[in-house]
>>> print(open('coords.cif').read())   # mmCIF, C-alpha atoms and all ligand atoms
data_model
#
loop_
_atom_site.label_atom_id
_atom_site.label_comp_id
_atom_site.auth_asym_id
_atom_site.auth_seq_id
_atom_site.Cartn_x
_atom_site.Cartn_y
_atom_site.Cartn_z
CA MET Z 1 99.80 17.73 -22.15
CA ASN Z 2 103.41 16.89 -23.05
CA CYS Z 3 104.69 14.18 -25.38
CA THR Z 4 105.47 11.73 -22.57
CA GLU Z 5 101.86 11.80 -21.43
CA THR Z 6 100.55 11.35 -24.98
CA LEU Z 7 102.82 8.40 -25.58
CA ALA Z 8 102.14 6.66 -22.25
CA PRO Z 9 101.47 2.90 -22.66
CA GLN Z 10 97.83 2.26 -23.47
CA SER Z 11 95.74 0.71 -20.73
CA PRO Z 12 92.97 -1.68 -21.84
CA THR Z 13 90.36 0.83 -20.64
CA LEU Z 14 91.51 3.56 -23.03
CA THR Z 15 89.10 4.20 -25.91
CA PRO Z 16 90.80 3.53 -29.25
CA LEU Z 17 91.23 6.64 -31.38
CA GLY Z 18 88.47 7.18 -33.92
CA ARG Z 19 88.84 7.72 -37.64
CA LEU Z 20 88.61 10.73 -39.85
CA VAL Z 21 86.97 10.42 -43.27
CA VAL Z 22 87.28 13.25 -45.79
CA LEU Z 23 84.57 13.37 -48.42
CA THR Z 24 85.22 15.65 -51.38
CA GLY Z 25 83.60 16.13 -54.77
CA PRO Z 26 82.22 18.94 -56.89
CA SER Z 27 79.28 20.98 -55.69
CA GLY Z 28 76.06 19.38 -56.94
CA VAL Z 29 77.52 15.86 -57.15
CA GLY Z 30 75.19 14.66 -54.39
CA LYS Z 31 77.67 14.35 -51.48
CA GLY Z 32 75.19 15.84 -49.03
CA THR Z 33 72.40 13.43 -49.95
CA LEU Z 34 74.75 10.46 -49.83
CA VAL Z 35 76.08 11.48 -46.41
CA LYS Z 36 72.56 11.98 -45.05
CA ALA Z 37 71.59 8.49 -46.19
CA LEU Z 38 74.78 7.04 -44.72
CA LEU Z 39 74.19 8.72 -41.35
CA ALA Z 40 70.58 7.56 -41.27
CA LYS Z 41 71.73 3.95 -41.73
CA HIS Z 42 74.72 4.22 -39.39
CA PRO Z 43 73.92 6.56 -36.48
CA PRO Z 44 77.32 6.16 -34.75
CA LEU Z 45 78.94 8.04 -37.63
CA HIS Z 46 79.39 11.72 -36.93
CA LEU Z 47 79.26 14.51 -39.52
CA SER Z 48 81.27 17.60 -38.67
CA VAL Z 49 79.24 20.83 -38.91
CA SER Z 50 81.31 23.44 -40.74
CA ALA Z 51 81.40 27.18 -40.30
CA THR Z 52 80.72 29.35 -43.34
CA THR Z 53 80.22 32.95 -44.38
CA ARG Z 54 77.76 31.85 -47.09
CA ALA Z 55 74.17 32.96 -46.55
CA PRO Z 56 71.79 30.21 -45.41
CA ARG Z 57 69.67 28.65 -48.16
CA PRO Z 58 65.95 28.24 -47.52
CA GLY Z 59 65.47 25.51 -44.92
CA GLU Z 60 69.05 25.65 -43.60
CA THR Z 61 69.47 26.42 -39.91
CA HIS Z 62 72.40 27.69 -37.85
CA GLY Z 63 74.16 24.81 -36.11
CA LYS Z 64 72.57 22.13 -38.25
CA GLU Z 65 73.80 22.40 -41.86
CA TYR Z 66 76.42 25.02 -40.97
CA TYR Z 67 77.37 27.60 -38.39
CA PHE Z 68 76.52 30.73 -40.39
CA LEU Z 69 78.99 33.45 -39.44
CA ASP Z 70 79.85 36.90 -40.73
CA ARG Z 71 83.34 37.54 -42.04
CA PRO Z 72 84.84 39.07 -38.86
CA GLU Z 73 83.52 36.12 -36.82
CA PHE Z 74 85.09 33.68 -39.27
CA GLU Z 75 88.37 35.60 -39.23
CA THR Z 76 88.42 35.35 -35.44
CA LEU Z 77 88.16 31.55 -35.70
CA ILE Z 78 91.14 31.56 -38.06
CA ALA Z 79 93.17 33.93 -35.88
CA THR Z 80 92.54 31.87 -32.74
CA ASP Z 81 93.40 28.56 -34.45
CA GLN Z 82 89.91 27.16 -33.90
CA LEU Z 83 89.68 25.66 -37.39
CA LEU Z 84 91.26 22.36 -38.45
CA GLU Z 85 91.26 23.66 -42.01
CA TRP Z 86 89.54 26.38 -43.97
CA ALA Z 87 89.24 27.55 -47.56
CA GLU Z 88 87.66 30.22 -49.68
CA TYR Z 89 85.19 28.74 -52.13
CA ALA Z 90 83.07 30.62 -54.69
CA GLY Z 91 83.46 33.88 -52.76
CA ASN Z 92 82.75 32.53 -49.27
CA PHE Z 93 84.80 31.07 -46.42
CA TYR Z 94 84.24 27.52 -45.18
CA GLY Z 95 86.04 25.81 -42.30
CA THR Z 96 86.00 22.83 -39.94
CA PRO Z 97 85.71 23.67 -36.22
CA ARG Z 98 88.63 21.91 -34.55
CA GLN Z 99 87.34 21.19 -31.06
CA ALA Z 100 84.28 19.08 -31.91
CA VAL Z 101 86.21 16.90 -34.36
CA GLU Z 102 89.11 16.30 -31.99
CA ALA Z 103 86.73 15.45 -29.14
CA GLU Z 104 84.76 12.93 -31.24
CA ILE Z 105 87.93 11.26 -32.49
CA ALA Z 106 89.29 11.06 -28.93
CA GLN Z 107 86.05 9.23 -28.04
CA GLY Z 108 86.74 6.64 -30.75
CA LYS Z 109 84.12 7.88 -33.21
CA THR Z 110 84.32 8.03 -36.98
CA VAL Z 111 84.00 11.64 -38.08
CA ILE Z 112 83.15 12.65 -41.64
CA LEU Z 113 84.30 15.98 -43.09
CA GLU Z 114 82.41 17.00 -46.21
CA ILE Z 115 84.85 19.57 -47.59
CA GLU Z 116 86.29 20.90 -50.84
CA LEU Z 117 89.72 20.21 -52.35
CA VAL Z 118 91.88 22.85 -50.60
CA GLY Z 119 90.59 21.68 -47.22
CA ALA Z 120 91.08 18.02 -48.16
CA ARG Z 121 94.70 18.76 -49.03
CA ALA Z 122 95.23 20.55 -45.71
CA ILE Z 123 93.81 17.56 -43.82
CA ARG Z 124 96.18 15.25 -45.68
CA GLU Z 125 99.04 17.19 -44.07
CA THR Z 126 97.61 17.28 -40.54
CA PHE Z 127 95.82 13.87 -40.50
CA PRO Z 128 97.74 11.68 -42.96
CA ALA Z 129 95.82 8.62 -41.72
CA ALA Z 130 92.45 10.08 -42.77
CA LEU Z 131 90.57 8.10 -45.40
CA ARG Z 132 90.00 10.38 -48.40
CA VAL Z 133 87.02 9.67 -50.64
CA PHE Z 134 86.21 11.54 -53.85
CA ILE Z 135 82.68 11.53 -55.30
CA LEU Z 136 82.48 12.01 -59.08
CA PRO Z 137 79.53 12.97 -61.26
CA PRO Z 138 78.83 10.76 -64.30
CA SER Z 139 79.81 13.78 -66.48
CA LEU Z 140 80.21 17.57 -66.30
CA ASP Z 141 76.99 18.02 -68.29
CA GLU Z 142 75.11 15.96 -65.74
CA LEU Z 143 76.68 17.98 -62.92
CA GLU Z 144 75.52 21.24 -64.52
CA ARG Z 145 72.02 19.81 -64.91
CA ARG Z 146 71.93 18.82 -61.22
CA LEU Z 147 73.15 22.26 -60.11
CA ARG Z 148 70.47 23.97 -62.22
CA ASP Z 149 67.72 21.57 -61.10
CA ARG Z 150 68.66 22.15 -57.46
CA GLY Z 151 67.71 25.80 -58.00
CA THR Z 152 69.72 27.05 -55.02
CA ASP Z 153 72.26 29.14 -56.93
CA ALA Z 154 72.03 31.97 -59.45
CA ASP Z 155 73.73 31.60 -62.83
CA PRO Z 156 77.07 33.27 -61.93
CA ALA Z 157 77.34 31.10 -58.82
CA ILE Z 158 76.64 28.00 -60.91
CA ARG Z 159 79.42 29.02 -63.33
CA ARG Z 160 81.86 29.46 -60.42
CA ARG Z 161 80.87 26.08 -59.02
CA LEU Z 162 81.37 24.42 -62.43
CA ASP Z 163 84.84 26.01 -62.79
CA HIS Z 164 85.76 24.64 -59.37
CA ALA Z 165 84.31 21.28 -60.33
CA GLN Z 166 86.74 20.91 -63.24
CA ALA Z 167 89.73 21.70 -60.99
CA GLU Z 168 88.48 19.31 -58.33
CA ILE Z 169 87.84 16.46 -60.76
CA ALA Z 170 91.39 16.92 -62.13
CA ALA Z 171 92.67 16.16 -58.60
CA ARG Z 172 90.65 12.95 -58.16
CA ASP Z 173 93.78 10.76 -58.15
CA GLU Z 174 94.95 12.39 -54.92
CA PHE Z 175 92.18 10.47 -53.12
CA ASP Z 176 92.25 6.94 -51.71
CA VAL Z 177 88.87 6.00 -53.17
CA GLN Z 178 86.79 7.37 -56.05
CA ILE Z 179 83.05 6.76 -56.28
CA ILE Z 180 80.92 7.73 -59.27
CA ASN Z 181 77.47 8.91 -58.22
CA ASP Z 182 75.52 7.76 -61.26
CA ASP Z 183 73.28 5.31 -59.43
CA PHE Z 184 72.48 6.54 -55.91
CA ASP Z 185 72.03 3.12 -54.28
CA ARG Z 186 75.20 1.77 -55.78
CA ALA Z 187 77.18 4.86 -54.72
CA LEU Z 188 75.80 4.56 -51.18
CA GLU Z 189 76.71 0.88 -51.03
CA GLN Z 190 80.27 1.69 -52.11
CA MET Z 191 80.52 4.40 -49.49
CA GLU Z 192 79.34 1.99 -46.82
CA ARG Z 193 81.92 -0.55 -47.93
CA VAL Z 194 84.85 1.85 -47.72
CA ILE Z 195 83.76 3.80 -44.62
CA ILE Z 196 82.11 1.14 -42.46
CA GLY Z 197 84.09 -1.81 -43.86
P1 LIG Z 201 77.85 24.63 -50.28
O1 LIG Z 201 77.90 26.11 -50.39
O2 LIG Z 201 77.31 23.99 -51.54
O3 LIG Z 201 77.18 24.15 -49.03
O4 LIG Z 201 79.38 24.13 -50.16
C1 LIG Z 201 80.32 24.52 -51.10
C2 LIG Z 201 81.57 23.67 -50.96
O5 LIG Z 201 82.18 23.92 -49.71
C3 LIG Z 201 81.29 22.17 -51.03
O6 LIG Z 201 82.24 21.57 -51.89
C4 LIG Z 201 81.50 21.72 -49.60
O7 LIG Z 201 81.97 20.38 -49.54
C5 LIG Z 201 82.58 22.68 -49.15
N1 LIG Z 201 82.67 22.80 -47.69
C6 LIG Z 201 81.68 22.72 -46.78
N2 LIG Z 201 82.17 22.85 -45.54
C7 LIG Z 201 83.51 23.00 -45.67
C8 LIG Z 201 84.59 23.16 -44.73
O8 LIG Z 201 84.44 23.17 -43.52
N3 LIG Z 201 85.84 23.29 -45.26
C9 LIG Z 201 86.09 23.26 -46.59
N4 LIG Z 201 87.36 23.39 -46.98
N5 LIG Z 201 85.11 23.12 -47.49
C10 LIG Z 201 83.84 22.98 -47.04
#
>>> encode(input="coords.cif", output="structure tokens")
Amino acid sequence: MNCTETLAPQSPTLTPLGRLVVLTGPSGVGKGTLVKALLAKHPPLHLSVSATTRAPRPGETHGKEYYFLDRPEFETLIATDQLLEWAEYAGNFYGTPRQAVEAEIAQGKTVILEIELVGARAIRETFPAALRVFILPPSLDELERRLRDRGTDADPAIRRRLDHAQAEIAARDEFDVQIINDDFDRALEQMERVIIG
């Protein structure tokens, strides 16, 4: 498609373009639980399923939480420009498959990307209109407690995640909205207000 086609006058039958929402915040802050609750209340919202080289945790299935790939498979996605953004995080690759997101947005849907800081910065360049939301823990101590209680990561992985958390929290002002997840219901209500309107 060339530029002239893209910029053709809109007919009333054309679906309006959807929105992209970037949700970032340190590992363990509760983003996943908040997003699940948000999707359950608002089924038209769409959560992008990322690709990762991380091993599945118990209960996670391919195509649902993530597309679990090996490194060469992930590198092929990068080389063939099939990722909207990607980043290395705590020793693994994570990335957003481009095609599904672009198709949902073309259909007028609101698509949520739950991604870390490097990816959020990349999306700011490619989708400047995206709404960028940062979820904060009440404190770093509380974040560490949640990561340990979750029991999904060994101690070195928890340390790496806490190091990342400090860098991510330092970048909170780069986001349009900041939400502190101290009280789950209140955080969810704030998310609804900014994402649904
Ligand atoms: P986890 O291993 O806990 O599932 O995710 C680790 C981090 O990777 C989280 O901060 C999560 O938001 C981020 N993440 C998940 N998917 C993507 C992705 O597609 N791109 C980027 N840049 N980060 C992602």
>>> residues_around(input="coords.cif", residues="Leu140 (chain Z)", least_positions_apart="6", cutoff="9 Å", atoms="all atoms listed in the file", output="number ranges by chain")
Z: 162, 165-166
>>> closest_atom_pairs(input="coords.cif", of="chain Z", to="ligand LIG 201 (chain Z)", cutoff="8 Å", atoms="all atoms listed in the file", output="JSON lines")
{"residue": "Z:Leu23", "atom": "CA", "partner": "Z:LIG201", "partner_atom": "O7", "distance": 7.6}
{"residue": "Z:Thr24", "atom": "CA", "partner": "Z:LIG201", "partner_atom": "O7", "distance": 6.0}
{"residue": "Z:Gly25", "atom": "CA", "partner": "Z:LIG201", "partner_atom": "O6", "distance": 6.3}
{"residue": "Z:Pro26", "atom": "CA", "partner": "Z:LIG201", "partner_atom": "O6", "distance": 5.6}
{"residue": "Z:Ser27", "atom": "CA", "partner": "Z:LIG201", "partner_atom": "O6", "distance": 4.9}
{"residue": "Z:Gly28", "atom": "CA", "partner": "Z:LIG201", "partner_atom": "O2", "distance": 7.2}
{"residue": "Z:Lys31", "atom": "CA", "partner": "Z:LIG201", "partner_atom": "O7", "distance": 7.7}
{"residue": "Z:Val49", "atom": "CA", "partner": "Z:LIG201", "partner_atom": "O8", "distance": 7.3}
{"residue": "Z:Ser50", "atom": "CA", "partner": "Z:LIG201", "partner_atom": "O8", "distance": 4.2}
{"residue": "Z:Ala51", "atom": "CA", "partner": "Z:LIG201", "partner_atom": "O8", "distance": 6.0}
{"residue": "Z:Thr52", "atom": "CA", "partner": "Z:LIG201", "partner_atom": "N2", "distance": 7.0}
{"residue": "Z:Arg54", "atom": "CA", "partner": "Z:LIG201", "partner_atom": "O1", "distance": 6.6}
{"residue": "Z:Tyr66", "atom": "CA", "partner": "Z:LIG201", "partner_atom": "N2", "distance": 7.7}
{"residue": "Z:Glu85", "atom": "CA", "partner": "Z:LIG201", "partner_atom": "N4", "distance": 6.3}
{"residue": "Z:Trp86", "atom": "CA", "partner": "Z:LIG201", "partner_atom": "N4", "distance": 4.8}
{"residue": "Z:Ala87", "atom": "CA", "partner": "Z:LIG201", "partner_atom": "N4", "distance": 4.6}
{"residue": "Z:Glu88", "atom": "CA", "partner": "Z:LIG201", "partner_atom": "N4", "distance": 7.4}
{"residue": "Z:Tyr89", "atom": "CA", "partner": "Z:LIG201", "partner_atom": "O5", "distance": 6.2}
{"residue": "Z:Ala90", "atom": "CA", "partner": "Z:LIG201", "partner_atom": "C1", "distance": 7.6}
{"residue": "Z:Phe93", "atom": "CA", "partner": "Z:LIG201", "partner_atom": "C9", "distance": 7.9}
{"residue": "Z:Tyr94", "atom": "CA", "partner": "Z:LIG201", "partner_atom": "C8", "distance": 4.4}
{"residue": "Z:Gly95", "atom": "CA", "partner": "Z:LIG201", "partner_atom": "O8", "distance": 3.3}
{"residue": "Z:Thr96", "atom": "CA", "partner": "Z:LIG201", "partner_atom": "O8", "distance": 3.9}
{"residue": "Z:Pro97", "atom": "CA", "partner": "Z:LIG201", "partner_atom": "O8", "distance": 7.4}
{"residue": "Z:Leu113", "atom": "CA", "partner": "Z:LIG201", "partner_atom": "O8", "distance": 7.2}
{"residue": "Z:Glu114", "atom": "CA", "partner": "Z:LIG201", "partner_atom": "O7", "distance": 4.8}
{"residue": "Z:Ile115", "atom": "CA", "partner": "Z:LIG201", "partner_atom": "N5", "distance": 3.6}
{"residue": "Z:Glu116", "atom": "CA", "partner": "Z:LIG201", "partner_atom": "N5", "distance": 4.2}
{"residue": "Z:Leu117", "atom": "CA", "partner": "Z:LIG201", "partner_atom": "N4", "distance": 6.7}
{"residue": "Z:Val118", "atom": "CA", "partner": "Z:LIG201", "partner_atom": "N4", "distance": 5.8}
{"residue": "Z:Gly119", "atom": "CA", "partner": "Z:LIG201", "partner_atom": "N4", "distance": 3.7}
{"residue": "Z:Ala120", "atom": "CA", "partner": "Z:LIG201", "partner_atom": "N4", "distance": 6.6}
>>> write_last_selection(input="coords.cif", atoms="C-alpha atoms", output="PDB file, in the frame of the given file")
ATOM      1  CA  LEU Z  23      84.570  13.370 -48.420  1.00  0.00           C
ATOM      2  CA  THR Z  24      85.220  15.650 -51.380  1.00  0.00           C
ATOM      3  CA  GLY Z  25      83.600  16.130 -54.770  1.00  0.00           C
ATOM      4  CA  PRO Z  26      82.220  18.940 -56.890  1.00  0.00           C
ATOM      5  CA  SER Z  27      79.280  20.980 -55.690  1.00  0.00           C
ATOM      6  CA  GLY Z  28      76.060  19.380 -56.940  1.00  0.00           C
ATOM      7  CA  LYS Z  31      77.670  14.350 -51.480  1.00  0.00           C
ATOM      8  CA  VAL Z  49      79.240  20.830 -38.910  1.00  0.00           C
ATOM      9  CA  SER Z  50      81.310  23.440 -40.740  1.00  0.00           C
ATOM     10  CA  ALA Z  51      81.400  27.180 -40.300  1.00  0.00           C
ATOM     11  CA  THR Z  52      80.720  29.350 -43.340  1.00  0.00           C
ATOM     12  CA  ARG Z  54      77.760  31.850 -47.090  1.00  0.00           C
ATOM     13  CA  TYR Z  66      76.420  25.020 -40.970  1.00  0.00           C
ATOM     14  CA  GLU Z  85      91.260  23.660 -42.010  1.00  0.00           C
ATOM     15  CA  TRP Z  86      89.540  26.380 -43.970  1.00  0.00           C
ATOM     16  CA  ALA Z  87      89.240  27.550 -47.560  1.00  0.00           C
ATOM     17  CA  GLU Z  88      87.660  30.220 -49.680  1.00  0.00           C
ATOM     18  CA  TYR Z  89      85.190  28.740 -52.130  1.00  0.00           C
ATOM     19  CA  ALA Z  90      83.070  30.620 -54.690  1.00  0.00           C
ATOM     20  CA  PHE Z  93      84.800  31.070 -46.420  1.00  0.00           C
ATOM     21  CA  TYR Z  94      84.240  27.520 -45.180  1.00  0.00           C
ATOM     22  CA  GLY Z  95      86.040  25.810 -42.300  1.00  0.00           C
ATOM     23  CA  THR Z  96      86.000  22.830 -39.940  1.00  0.00           C
ATOM     24  CA  PRO Z  97      85.710  23.670 -36.220  1.00  0.00           C
ATOM     25  CA  LEU Z 113      84.300  15.980 -43.090  1.00  0.00           C
ATOM     26  CA  GLU Z 114      82.410  17.000 -46.210  1.00  0.00           C
ATOM     27  CA  ILE Z 115      84.850  19.570 -47.590  1.00  0.00           C
ATOM     28  CA  GLU Z 116      86.290  20.900 -50.840  1.00  0.00           C
ATOM     29  CA  LEU Z 117      89.720  20.210 -52.350  1.00  0.00           C
ATOM     30  CA  VAL Z 118      91.880  22.850 -50.600  1.00  0.00           C
ATOM     31  CA  GLY Z 119      90.590  21.680 -47.220  1.00  0.00           C
ATOM     32  CA  ALA Z 120      91.080  18.020 -48.160  1.00  0.00           C
TER      33      ALA Z 120
END
>>> closest_residue(input="coords.cif", among="Z:Val111, Z:Pro128, Z:Gly32, Z:Arg161", to="Arg148 (chain Z)", atoms="all atoms listed in the file")
Z:Arg161
>>> closest_residue(input="coords.cif", among="Z:Glu125, Z:Glu60, Z:Asp81, Z:Glu142", to="Val29 (chain Z)", atoms="all atoms listed in the file")
Z:Glu142
>>> closest_residue(input="coords.cif", among="Z:Ser48, Z:Asn181, Z:Thr53, Z:Thr80", to="Glu65 (chain Z)", atoms="only C-alpha atoms")
Z:Ser48
>>> residues_around(input="coords.cif", residues="Ile179 (chain Z)", least_positions_apart="2", cutoff="12 Å", atoms="only C-alpha atoms", output="PyMOL selection string")
chain Z and resi 23-25+29-31+34+132-138+169+172-173+175-177+181-194
>>> closest_residue(input="coords.cif", among="Z:Arg159, Z:Arg124, Z:Gly108, Z:Leu143", to="Val22 (chain Z)", atoms="only C-alpha atoms")
Z:Arg124
>>> atom_distance(input="coords.cif", atom1="CA of Ala171 (chain Z)", atom2="CA of Val21 (chain Z)")
17.3 Å
>>> atom_distance(input="coords.cif", atom1="CA of Asp149 (chain Z)", atom2="CA of Leu47 (chain Z)")
25.5 Å
>>> atom_distance(input="coords.cif", atom1="CA of Ala170 (chain Z)", atom2="CA of Ser139 (chain Z)")
12.8 Å
>>> residues_around(input="coords.cif", residues="Ile105 (chain Z)", least_positions_apart="5", cutoff="9 Å", atoms="all atoms listed in the file", output="PyMOL selection string")
chain Z and resi 16-20+100+110-111
>>> closest_residue(input="coords.cif", among="Z:Gln178, Z:Thr126, Z:Gln82, Z:Asn92", to="Pro56 (chain Z)", atoms="all atoms listed in the file")
Z:Asn92
